[in-house]
file input-v9.txt (compact mmCIF, C-alpha atoms)
# COMPACT_ATOMS: atom_id res chain seq x y z
CA MET A 1 285.65 72.57 174.10
CA ALA A 2 285.97 76.17 175.25
CA THR A 3 282.81 78.08 175.99
CA VAL A 4 282.35 81.82 175.76
CA ALA A 5 279.56 83.98 177.11
CA ILE A 6 278.82 87.70 177.27
CA GLU A 7 276.86 89.24 180.09
CA GLU A 8 274.99 91.68 177.87
CA LYS A 9 273.98 93.94 180.71
CA GLY A 10 277.60 95.01 181.13
CA CYS A 11 278.48 95.32 177.43
CA ARG A 12 279.00 98.86 176.19
CA ASP A 13 279.47 97.97 172.55
CA CYS A 14 283.13 99.00 172.45
CA SER A 15 283.76 96.21 169.88
CA LEU A 16 287.19 95.38 171.33
CA CYS A 17 286.25 91.68 171.58
CA VAL A 18 285.03 91.68 167.98
CA GLU A 19 288.33 93.15 166.83
CA ILE A 20 290.67 91.02 168.93
CA CYS A 21 289.08 87.58 168.48
CA PRO A 22 291.40 85.58 166.17
CA THR A 23 288.58 83.25 165.10
CA LYS A 24 285.81 85.87 164.70
CA VAL A 25 283.54 84.41 167.36
CA PHE A 26 281.82 87.75 168.06
CA GLU A 27 279.60 90.04 166.04
CA GLN A 28 278.18 93.43 166.86
CA ASP A 29 274.43 93.47 167.31
CA LYS A 30 273.82 96.96 165.98
CA THR A 31 270.13 97.05 166.87
CA ARG A 32 270.80 96.41 170.55
CA SER A 33 274.29 98.05 170.65
CA VAL A 34 276.00 95.06 172.23
CA ALA A 35 278.50 92.42 171.13
CA ALA A 36 277.09 88.93 170.70
CA VAL A 37 278.59 85.44 170.52
CA ALA A 38 277.88 84.45 166.91
CA ARG A 39 280.12 81.41 166.42
CA SER A 40 280.82 79.85 169.82
CA GLN A 41 281.99 76.61 168.17
CA ASP A 42 284.98 78.53 166.73
CA CYS A 43 286.26 79.63 170.15
CA ILE A 44 289.78 78.34 170.77
CA GLY A 45 289.84 79.52 174.37
CA CYS A 46 292.65 82.04 173.94
CA THR A 47 290.85 84.34 176.46
CA SER A 48 291.93 87.49 174.57
CA CYS A 49 288.34 88.73 174.72
CA GLN A 50 288.11 88.12 178.45
CA PHE A 51 291.27 90.10 179.10
CA ILE A 52 290.54 92.99 176.77
CA CYS A 53 286.91 93.54 177.79
CA PRO A 54 286.95 96.81 179.78
CA SER A 55 283.63 95.92 181.40
CA ARG A 56 284.76 92.46 182.46
CA CYS A 57 281.54 90.97 181.08
CA ILE A 58 283.02 88.15 178.97
CA THR A 59 283.61 84.73 180.50
CA VAL A 60 285.58 81.98 178.80
CA GLY A 61 285.08 78.56 180.33
CA ASP A 62 286.31 75.00 180.00
CA VAL A 63 289.81 76.07 179.13
CA ALA A 64 293.14 75.50 180.85
CA GLU A 65 294.55 78.99 181.28
CA GLN A 66 298.19 79.95 181.37
CA ARG A 67 297.83 83.58 182.24
CA PRO A 68 300.64 86.13 181.80
CA PHE A 69 302.67 86.65 184.94
CA PHE A 70 301.54 90.20 185.63
CA ARG A 71 297.87 89.23 185.63
CA ILE A 72 298.04 86.55 188.27
CA GLU A 73 297.00 87.75 191.67
CA GLU A 74 298.71 84.76 193.27
CA ASN A 75 302.02 85.85 191.78
CA ALA A 76 301.46 89.39 193.01
CA ASN A 77 301.06 87.89 196.45
CA LEU A 78 304.23 85.86 195.96
CA VAL A 79 306.11 89.04 195.06
CA ARG A 80 304.72 90.62 198.20
CA LYS A 81 305.93 87.69 200.24
CA LEU A 82 309.39 87.93 198.75
CA LEU A 83 309.90 91.67 198.71
CA GLN A 84 307.75 93.19 201.43
CA GLN A 85 308.62 92.79 205.04
CA ALA A 86 305.32 92.32 206.83
CA PRO A 87 303.79 89.47 204.79
CA ALA A 88 307.20 87.89 204.20
CA SER A 89 307.93 87.73 207.89
CA ALA A 90 304.78 85.68 208.30
CA ALA A 91 305.38 83.35 205.36
CA LEU A 92 309.15 82.96 205.14
CA THR A 93 311.92 82.34 207.58
CA PRO A 94 314.57 85.08 207.86
CA ASP A 95 317.07 82.83 206.08
CA GLU A 96 314.64 82.18 203.21
CA LEU A 97 313.91 85.89 202.91
CA ARG A 98 317.60 86.76 202.90
CA SER A 99 318.31 84.15 200.29
CA ALA A 100 315.41 85.31 198.07
CA LEU A 101 316.45 88.94 198.39
CA ILE A 102 320.03 88.15 197.40
CA ASP A 103 318.77 86.18 194.41
CA VAL A 104 316.40 88.92 193.25
CA SER A 105 319.03 91.60 193.84
CA PHE A 106 321.61 89.66 191.86
CA ARG A 107 319.27 89.24 188.90
CA LEU A 108 318.06 92.83 188.90
CA GLN A 109 321.64 94.07 189.23
CA ALA A 110 322.57 92.06 186.13
CA LEU A 111 319.58 93.52 184.28
CA SER A 112 320.42 97.09 185.26
CA ASP A 113 324.08 96.63 184.38
CA SER A 114 323.15 95.44 180.90
CA VAL A 115 320.78 98.40 180.41
CA THR A 116 323.48 100.82 181.53
CA GLU A 117 326.11 99.13 179.37
CA THR A 118 324.05 99.40 176.21
CA MET A 119 321.83 102.43 176.70
CA GLY A 120 324.05 104.77 178.70
CA ARG A 121 322.10 107.95 179.46
CA GLY A 122 319.25 106.78 177.25
CA GLN A 123 318.07 104.40 179.96
CA LYS A 124 315.38 106.74 181.29
CA VAL A 125 313.51 106.60 178.03
CA VAL A 126 313.56 102.81 178.21
CA GLY A 127 311.94 102.93 181.65
CA ARG A 128 309.27 105.42 180.56
CA LYS A 129 308.51 103.47 177.40
CA ALA A 130 308.19 100.27 179.46
CA GLY A 131 305.60 102.02 181.62
CA ALA A 132 303.67 103.25 178.59
CA LEU A 133 303.68 99.76 177.07
CA ALA A 134 302.63 98.15 180.35
CA ALA A 135 299.71 100.57 180.49
CA GLU A 136 298.27 98.98 177.37
CA HIS A 137 297.81 95.77 179.34
CA LEU A 138 295.73 97.48 182.00
CA PRO A 139 292.72 98.74 180.00
CA GLU A 140 290.54 99.09 183.09
CA MET A 141 292.68 102.04 184.23
CA TYR A 142 291.55 104.08 181.25
CA GLU A 143 287.99 103.77 182.51
CA GLY A 144 288.61 106.21 185.37
CA ALA A 145 286.56 109.38 185.00
CA SER A 146 289.02 111.53 186.93
CA ILE A 147 292.68 111.56 187.94
CA ASP A 148 291.69 110.59 191.49
CA GLU A 149 289.76 107.62 190.17
CA VAL A 150 292.59 106.46 187.91
CA LEU A 151 295.08 106.65 190.78
CA ALA A 152 292.65 104.88 193.12
CA ARG A 153 292.28 102.09 190.54
CA MET A 154 296.07 101.88 190.25
CA ARG A 155 296.45 101.59 194.02
CA LYS A 156 293.97 98.76 194.05
CA ARG A 157 295.56 97.03 191.07
CA PHE A 158 299.09 97.21 192.45
CA ALA A 159 298.17 96.39 196.04
CA GLY A 160 300.33 93.46 197.04
CA SER A 161 303.31 94.51 194.99
CA PHE A 162 303.66 98.30 195.23
CA GLU A 163 301.85 100.32 197.87
CA PHE A 164 301.83 104.06 197.21
CA GLU A 165 300.11 107.22 198.35
CA PRO A 166 299.26 109.75 195.62
CA THR A 167 298.82 113.51 195.95
CA ILE A 168 297.41 115.51 193.05
CA ALA A 169 298.14 119.21 192.49
CA GLU A 170 297.59 121.77 189.74
CA GLY A 171 294.79 119.76 188.19
CA GLY A 172 296.99 116.73 187.65
CA ASN A 173 299.95 118.63 186.19
CA THR A 174 301.85 117.67 189.31
CA ILE A 175 301.39 114.28 190.94
CA THR A 176 303.35 113.10 193.93
CA LEU A 177 303.64 109.38 194.54
CA SER A 178 304.98 108.32 197.88
CA PHE A 179 306.12 104.72 198.34
CA PRO A 180 306.24 103.99 202.09
CA ASP A 181 308.18 100.75 201.74
CA CYS A 182 309.61 100.53 198.24
CA ALA A 183 310.72 97.02 197.33
CA ILE A 184 313.32 98.37 194.88
CA HIS A 185 314.91 100.32 197.73
CA ARG A 186 315.69 97.08 199.53
CA VAL A 187 317.04 95.44 196.39
CA VAL A 188 319.30 98.40 195.61
CA ALA A 189 320.50 98.72 199.19
CA ASN A 190 321.20 94.99 199.26
CA SER A 191 323.29 95.17 196.09
CA GLY A 192 325.35 98.02 197.51
CA GLY A 193 323.94 100.68 195.17
CA LYS A 194 322.96 104.25 196.03
CA VAL A 195 319.22 104.43 196.54
CA GLY A 196 317.63 107.01 194.25
CA ASP A 197 320.57 107.34 191.86
CA HIS A 198 320.85 103.66 190.99
CA VAL A 199 319.73 102.70 187.50
CA LEU A 200 317.07 100.38 188.95
CA CYS A 201 315.60 103.32 190.87
CA GLN A 202 315.71 105.52 187.76
CA LEU A 203 314.09 102.85 185.61
CA PHE A 204 311.43 102.33 188.26
CA HIS A 205 310.69 106.07 188.54
CA GLU A 206 310.48 106.51 184.79
CA TYR A 207 308.34 103.38 184.53
CA TRP A 208 305.79 105.00 186.82
CA ALA A 209 305.96 108.26 184.91
CA GLY A 210 305.24 106.34 181.71
CA LEU A 211 302.46 104.34 183.31
CA VAL A 212 300.66 107.29 184.90
CA GLY A 213 301.27 109.46 181.83
CA ALA A 214 299.68 106.87 179.55
CA PHE A 215 296.56 106.62 181.70
CA LEU A 216 296.17 110.39 182.00
CA HIS A 217 297.32 111.23 178.45
CA LYS A 218 300.11 113.42 179.71
CA SER A 219 303.88 113.38 179.50
CA TYR A 220 305.56 113.50 182.92
CA GLY A 221 309.12 114.19 183.98
CA VAL A 222 310.38 112.82 187.30
CA GLU A 223 312.05 114.51 190.26
CA MET A 224 312.74 112.82 193.56
CA ALA A 225 311.42 114.66 196.59
CA GLU A 226 312.44 112.04 199.15
CA VAL A 227 314.80 109.07 198.93
CA GLY A 228 315.22 106.29 201.46
CA ALA A 229 313.02 103.61 202.96
CA ARG A 230 310.18 105.93 201.93
CA CYS A 231 310.66 107.23 198.41
CA THR A 232 308.59 110.11 197.07
CA MET A 233 308.62 111.01 193.40
CA LYS A 234 307.16 114.15 191.90
CA LEU A 235 305.77 113.84 188.39
CA SER A 236 305.58 117.15 186.52
CA CYS A 237 303.69 117.48 183.27
CA ARG A 238 305.90 118.37 180.31
CA ASN A 239 303.21 118.95 177.69
CA MET B 240 311.57 139.02 174.26
CA ALA B 241 311.48 135.57 172.65
CA SER B 242 311.64 132.56 174.96
CA ARG B 243 314.34 129.94 174.63
CA THR B 244 311.90 127.56 172.96
CA GLU B 245 310.90 130.24 170.46
CA LYS B 246 314.54 130.97 169.70
CA MET B 247 315.20 127.28 169.15
CA GLN B 248 312.10 127.01 167.04
CA ASP B 249 313.48 129.85 164.85
CA VAL B 250 316.80 128.04 164.47
CA LEU B 251 314.99 124.83 163.48
CA ARG B 252 312.85 126.70 160.96
CA GLY B 253 316.05 128.17 159.50
CA LEU B 254 317.53 124.69 159.26
CA ARG B 255 314.47 123.28 157.55
CA SER B 256 314.33 126.10 155.04
CA ALA B 257 318.02 125.57 154.16
CA SER B 258 317.16 122.56 152.05
CA PRO B 259 313.88 121.21 150.66
CA ASP B 260 315.19 117.73 151.45
CA ILE B 261 315.09 118.41 155.20
CA ILE B 262 311.72 117.02 156.24
CA GLY B 263 311.77 118.11 159.85
CA ALA B 264 313.90 118.66 162.92
CA ALA B 265 313.61 118.62 166.68
CA VAL B 266 315.69 119.34 169.75
CA VAL B 267 315.23 116.63 172.34
CA SER B 268 316.49 116.35 175.92
CA ILE B 269 318.43 113.30 177.09
CA ASP B 270 315.32 112.41 179.12
CA GLY B 271 313.40 112.03 175.86
CA PHE B 272 311.31 115.20 176.03
CA VAL B 273 310.83 117.49 173.04
CA ILE B 274 312.30 120.96 173.67
CA ALA B 275 311.47 122.42 170.24
CA SER B 276 310.40 120.91 166.97
CA VAL B 277 309.40 121.56 163.38
CA LEU B 278 308.32 118.02 162.59
CA PRO B 279 305.54 117.26 160.11
CA SER B 280 302.21 116.61 161.84
CA GLU B 281 302.10 112.97 160.75
CA ILE B 282 305.26 112.21 162.73
CA ASP B 283 304.74 111.21 166.36
CA GLU B 284 306.88 113.68 168.32
CA GLU B 285 306.97 111.56 171.45
CA LEU B 286 308.14 108.53 169.53
CA VAL B 287 310.87 110.50 167.77
CA SER B 288 312.04 112.11 171.00
CA GLY B 289 312.08 108.81 172.90
CA MET B 290 314.00 107.00 170.21
CA ALA B 291 316.39 109.92 169.72
CA ALA B 292 317.24 109.96 173.42
CA ALA B 293 317.76 106.19 173.39
CA MET B 294 319.93 106.48 170.29
CA LEU B 295 321.94 109.30 171.83
CA GLY B 296 322.56 107.04 174.83
CA VAL B 297 323.65 104.14 172.65
CA GLY B 298 325.74 106.45 170.44
CA GLU B 299 327.54 107.82 173.47
CA ARG B 300 328.22 104.32 174.74
CA ILE B 301 329.63 103.24 171.35
CA SER B 302 331.84 106.33 171.10
CA THR B 303 333.12 105.90 174.62
CA GLU B 304 333.71 102.17 174.46
CA LEU B 305 335.06 101.83 170.93
CA MET B 306 336.66 105.20 170.24
CA ALA B 307 337.35 106.45 173.76
CA SER B 308 335.86 109.78 172.79
CA THR B 309 332.62 111.73 173.01
CA MET B 310 329.86 111.26 170.47
CA GLU B 311 329.33 114.06 167.98
CA GLN B 312 326.95 112.63 165.45
CA THR B 313 324.95 109.52 164.64
CA TYR B 314 323.01 108.90 161.51
CA VAL B 315 320.71 106.22 160.19
CA ARG B 316 320.14 105.60 156.49
CA SER B 317 316.86 104.03 155.49
CA GLU B 318 315.27 103.33 152.13
CA LYS B 319 313.38 106.58 152.33
CA GLY B 320 315.90 108.92 153.85
CA TYR B 321 318.18 109.74 156.74
CA VAL B 322 317.83 110.41 160.44
CA ILE B 323 320.72 112.49 161.75
CA LEU B 324 321.40 113.02 165.42
CA ASN B 325 323.84 115.64 166.59
CA ALA B 326 324.67 116.40 170.21
CA VAL B 327 323.70 119.89 171.35
CA GLY B 328 325.42 120.84 174.58
CA ALA B 329 325.71 118.17 177.25
CA ASP B 330 322.11 117.11 177.67
CA SER B 331 320.25 117.45 174.40
CA VAL B 332 320.32 116.33 170.81
CA LEU B 333 319.27 117.74 167.46
CA VAL B 334 317.32 115.26 165.36
CA VAL B 335 317.06 115.94 161.63
CA LEU B 336 314.97 113.93 159.19
CA THR B 337 315.86 114.19 155.52
CA ALA B 338 314.66 112.73 152.25
CA LYS B 339 316.72 110.10 150.45
CA GLU B 340 317.81 112.62 147.83
CA ALA B 341 319.34 114.99 150.40
CA LYS B 342 322.88 116.15 149.77
CA LEU B 343 324.34 114.94 153.03
CA GLY B 344 327.43 117.14 152.87
CA LEU B 345 325.28 120.22 152.70
CA VAL B 346 322.99 118.93 155.42
CA PHE B 347 325.93 118.15 157.71
CA ILE B 348 327.35 121.66 157.28
CA GLU B 349 323.95 123.13 158.04
CA VAL B 350 323.45 120.83 161.03
CA LYS B 351 326.85 121.79 162.45
CA ARG B 352 326.09 125.48 162.06
CA ARG B 353 322.65 125.19 163.68
CA CYS B 354 324.00 123.05 166.52
CA SER B 355 326.44 125.78 167.34
CA GLU B 356 323.55 128.28 167.48
CA LEU B 357 321.38 125.93 169.52
CA SER B 358 324.09 125.17 172.07
CA LYS B 359 324.22 128.88 172.90
CA ILE B 360 320.47 128.89 173.59
CA VAL B 361 319.89 125.54 175.27

call {"tool": "encode", "arguments": {"input": "input-v9.txt", "output": "structure tokens"}}
result
Amino acid sequence: MATVAIEEKGCRDCSLCVEICPTKVFEQDKTRSVAAVARSQDCIGCTSCQFICPSRCITVGDVAEQRPFFRIEENANLVRKLLQQAPASAALTPDELRSALIDVSFRLQALSDSVTETMGRGQKVVGRKAGALAAEHLPEMYEGASIDEVLARMRKRFAGSFEFEPTIAEGGNTITLSFPDCAIHRVVANSGGKVGDHVLCQLFHEYWAGLVGAFLHKSYGVEMAEVGARCTMKLSCRN
Amino acid sequence: MASRTEKMQDVLRGLRSASPDIIGAAVVSIDGFVIASVLPSEIDEELVSGMAAAMLGVGERISTELMASTMEQTYVRSEKGYVILNAVGADSVLVVLTAKEAKLGLVFIEVKRRCSELSKIV
């Protein structure tokens, strides 16, 4: 049977676990301003509480987890192996890397073609919305007290899949993100597309604008300052 | 001198006052950003602008693929009213929300007239 425990020291009484639990395992202890496990026998081990807790103070045990792809650090490392040169060179043979790159490029090309076919010029909005929706799955980013902190948390979170260097100007109204070795660049180049203009690049840029905008409660437009092996995008606040 | 946004805002106010059935209107860029709007406060501007840009994209694709021509107008009828999208210039769209009782003929004439004004400003 699944077990669930709250480390009360870390609980800030946000009540997210109380709200999300499908079987009402938690209750708010109003006198002590913490959430408490009230009906542990009802826990079905869905781990919703563990994922949503911004303080990371809930532990669900004795449960076989099938975590979503984007949350698994091992998969982030796998992506790094497949798409980033340095770790891949250590883990894969050149032939394996070439084969994986062709496969990924082929699939992403098919995805981008279908987006272009159906959405036409509306594709940018799709990318930005995807970023905003993805942000909802990263609640810890909202905990940052400043723009620097949020971006530092993002760098840490995405390490292993997307390395980037941020520069903040005008109090966060302009943010420059520089990707020293963008994985999408290699995919686009491999599929014969024009880096920067390709729909995959545009979707990726807008995705980041949506992601950063959601965390900072701003609406950003994207301009490319540098395109190539190193890509630099400039996010400018529109509201 | 009034800014472009203020001028557009004036045009949108004129459009809204043309008929009590026009609930609100906005000019949105193809990137999904609001350029000017007179939408009721309970309507999420970002949501409207994002969906309008997406719909403009889809509308353009449908016009090009099925009619081999450029898109002029798209409209959606719901149980509660209409959403009308009209291209303004090359890179923006006018979104108009109306009540179910709206006289569409009148609204379309008004939309066409205002689009002509907006395209000179945008």

call {"tool": "residues_around", "arguments": {"input": "input-v9.txt", "residues": "segment 294-296 of chain B", "least_positions_apart": "5", "cutoff": "8 Å", "atoms": "all atoms listed in the file", "output": "compact mmCIF listing (two decimals) with C-alpha atoms, in the coordinates of the input"}}
result
# COMPACT_ATOMS: atom_id res chain seq x y z
CA THR A 118 324.05 99.40 176.21
CA MET A 119 321.83 102.43 176.70
CA GLY A 120 324.05 104.77 178.70
CA ARG A 121 322.10 107.95 179.46
CA GLY A 122 319.25 106.78 177.25
CA GLN A 123 318.07 104.40 179.96
CA ILE B 269 318.43 113.30 177.09
CA THR B 313 324.95 109.52 164.64
CA LEU B 324 321.40 113.02 165.42
CA ALA B 326 324.67 116.40 170.21
CA VAL B 332 320.32 116.33 170.81

call {"tool": "atom_distance", "arguments": {"input": "input-v9.txt", "atom1": "atom CA of Val187 of chain A", "atom2": "atom CA of Val212 of chain A"}}
result
23.3 Å

call {"tool": "interface_residues", "arguments": {"input": "input-v9.txt", "of": "chain A", "to": "chain B", "cutoff": "10 Å", "atoms": "all atoms listed in the file", "output": "number ranges by chain"}}
result
A: 116-126, 128-129, 206, 219-222, 238-239

call {"tool": "residues_around", "arguments": {"input": "input-v9.txt", "residues": "Cys43 of chain A", "least_positions_apart": "3", "cutoff": "8 Å", "atoms": "all atoms listed in the file", "output": "MDAnalysis selection string"}}
result
chainID A and resid 2:4 23 25 39:40 46

call {"tool": "atom_distance", "arguments": {"input": "input-v9.txt", "atom1": "atom CA of Cys354 of chain B", "atom2": "atom CA of Gly127 of chain A"}}
result
27.9 Å

call {"tool": "closest_residue", "arguments": {"input": "input-v9.txt", "among": "B:Glu311, B:Lys339, B:Ala329, B:Gln248", "to": "Ser268 of chain B", "atoms": "all atoms listed in the file"}}
result
B:Ala329

call {"tool": "atom_distance", "arguments": {"input": "input-v9.txt", "atom1": "atom CA of Ala214 of chain A", "atom2": "atom CA of Ala265 of chain B"}}
result
22.3 Å

call {"tool": "closest_residue", "arguments": {"input": "input-v9.txt", "among": "A:Ala189, A:Leu97, A:Ala209, A:Ile102", "to": "Ala134 of chain A", "atoms": "only C-alpha atoms"}}
result
A:Ala209

call {"tool": "residues_around", "arguments": {"input": "input-v9.txt", "residues": "segment 249-261 of chain B", "least_positions_apart": "4", "cutoff": "10 Å", "atoms": "all atoms listed in the file", "output": "PyMOL selection string"}}
result
chain B and resi 241+243-245+265-266+275-278+320-322+333+335-343+345-346+349-350+352-354+356-357+360

call {"tool": "closest_residue", "arguments": {"input": "input-v9.txt", "among": "B:Pro279, B:Gly263, B:Gly344, B:Gly328", "to": "Thr309 of chain B", "atoms": "all atoms listed in the file"}}
result
B:Gly328

call {"tool": "closest_residue", "arguments": {"input": "input-v9.txt", "among": "A:Ile6, A:Leu138, A:Ala38, A:Val115", "to": "Ile52 of chain A", "atoms": "all atoms listed in the file"}}
result
A:Leu138

call {"tool": "closest_residue", "arguments": {"input": "input-v9.txt", "among": "B:Ser242, B:Tyr314, B:Ile323, B:Thr303", "to": "Ile262 of chain B", "atoms": "all atoms listed in the file"}}
result
B:Ile323

call {"tool": "decode", "arguments": {"input": "input-v9.txt", "residues": "segment 310-333 of chain B", "atoms": "N, CA and C atoms", "output": "mmCIF file, in the first residue's frame"}}
result
data_model
loop_
_atom_site.group_PDB
_atom_site.id
_atom_site.type_symbol
_atom_site.label_atom_id
_atom_site.label_comp_id
_atom_site.auth_asym_id
_atom_site.auth_seq_id
_atom_site.Cartn_x
_atom_site.Cartn_y
_atom_site.Cartn_z
ATOM 1 N N MET B 310 -7.019 35.039 -47.514
ATOM 2 C CA MET B 310 -8.148 35.059 -46.586
ATOM 3 C C MET B 310 -8.599 36.494 -46.314
ATOM 4 N N GLU B 311 -9.894 36.697 -46.319
ATOM 5 C CA GLU B 311 -10.408 38.023 -45.967
ATOM 6 C C GLU B 311 -11.065 38.001 -44.604
ATOM 7 N N GLN B 312 -11.852 36.972 -44.383
ATOM 8 C CA GLN B 312 -12.633 36.951 -43.142
ATOM 9 C C GLN B 312 -12.901 35.513 -42.681
ATOM 10 N N THR B 313 -12.909 35.355 -41.361
ATOM 11 C CA THR B 313 -13.284 34.063 -40.775
ATOM 12 C C THR B 313 -14.280 34.366 -39.678
ATOM 13 N N TYR B 314 -15.298 33.563 -39.548
ATOM 14 C CA TYR B 314 -16.136 33.790 -38.378
ATOM 15 C C TYR B 314 -16.625 32.497 -37.764
ATOM 16 N N VAL B 315 -16.825 32.555 -36.445
ATOM 17 C CA VAL B 315 -17.235 31.382 -35.681
ATOM 18 C C VAL B 315 -18.583 31.701 -35.040
ATOM 19 N N ARG B 316 -19.545 30.813 -35.209
ATOM 20 C CA ARG B 316 -20.835 31.026 -34.556
ATOM 21 C C ARG B 316 -20.934 30.081 -33.363
ATOM 22 N N SER B 317 -21.234 30.634 -32.217
ATOM 23 C CA SER B 317 -21.426 29.791 -31.039
ATOM 24 C C SER B 317 -22.860 29.981 -30.544
ATOM 25 N N GLU B 318 -23.201 29.300 -29.495
ATOM 26 C CA GLU B 318 -24.560 29.419 -28.951
ATOM 27 C C GLU B 318 -24.834 30.824 -28.438
ATOM 28 N N LYS B 319 -23.758 31.492 -28.027
ATOM 29 C CA LYS B 319 -23.949 32.801 -27.405
ATOM 30 C C LYS B 319 -23.608 33.982 -28.302
ATOM 31 N N GLY B 320 -23.018 33.711 -29.432
ATOM 32 C CA GLY B 320 -22.697 34.828 -30.311
ATOM 33 C C GLY B 320 -21.677 34.460 -31.371
ATOM 34 N N TYR B 321 -21.060 35.498 -31.921
ATOM 35 C CA TYR B 321 -20.125 35.294 -33.028
ATOM 36 C C TYR B 321 -18.755 35.870 -32.698
ATOM 37 N N VAL B 322 -17.736 35.221 -33.269
ATOM 38 C CA VAL B 322 -16.385 35.779 -33.258
ATOM 39 C C VAL B 322 -16.016 35.987 -34.721
ATOM 40 N N ILE B 323 -15.724 37.224 -35.072
ATOM 41 C CA ILE B 323 -15.413 37.535 -36.474
ATOM 42 C C ILE B 323 -13.963 37.990 -36.565
ATOM 43 N N LEU B 324 -13.241 37.397 -37.484
ATOM 44 C CA LEU B 324 -11.851 37.791 -37.699
ATOM 45 C C LEU B 324 -11.698 38.341 -39.097
ATOM 46 N N ASN B 325 -11.125 39.511 -39.196
ATOM 47 C CA ASN B 325 -10.923 40.129 -40.502
ATOM 48 C C ASN B 325 -9.475 40.588 -40.621
ATOM 49 N N ALA B 326 -8.821 40.208 -41.703
ATOM 50 C CA ALA B 326 -7.430 40.611 -41.892
ATOM 51 C C ALA B 326 -7.325 42.128 -41.964
ATOM 52 N N VAL B 327 -6.307 42.663 -41.312
ATOM 53 C CA VAL B 327 -6.009 44.105 -41.399
ATOM 54 C C VAL B 327 -4.569 44.216 -41.872
ATOM 55 N N GLY B 328 -4.375 44.676 -43.088
ATOM 56 C CA GLY B 328 -3.014 44.719 -43.632
ATOM 57 C C GLY B 328 -2.471 43.297 -43.761
ATOM 58 N N ALA B 329 -1.141 43.201 -43.803
ATOM 59 C CA ALA B 329 -0.540 41.888 -44.041
ATOM 60 C C ALA B 329 -0.280 41.104 -42.772
ATOM 61 N N ASP B 330 -0.135 41.797 -41.649
ATOM 62 C CA ASP B 330 0.343 41.100 -40.452
ATOM 63 C C ASP B 330 -0.524 41.274 -39.212
ATOM 64 N N SER B 331 -1.765 41.667 -39.392
ATOM 65 C CA SER B 331 -2.611 41.780 -38.200
ATOM 66 C C SER B 331 -4.062 41.439 -38.537
ATOM 67 N N VAL B 332 -4.843 41.306 -37.491
ATOM 68 C CA VAL B 332 -6.222 40.869 -37.677
ATOM 69 C C VAL B 332 -7.135 41.613 -36.701
ATOM 70 N N LEU B 333 -8.316 41.925 -37.172
ATOM 71 C CA LEU B 333 -9.323 42.547 -36.300
ATOM 72 C C LEU B 333 -10.234 41.433 -35.786
#
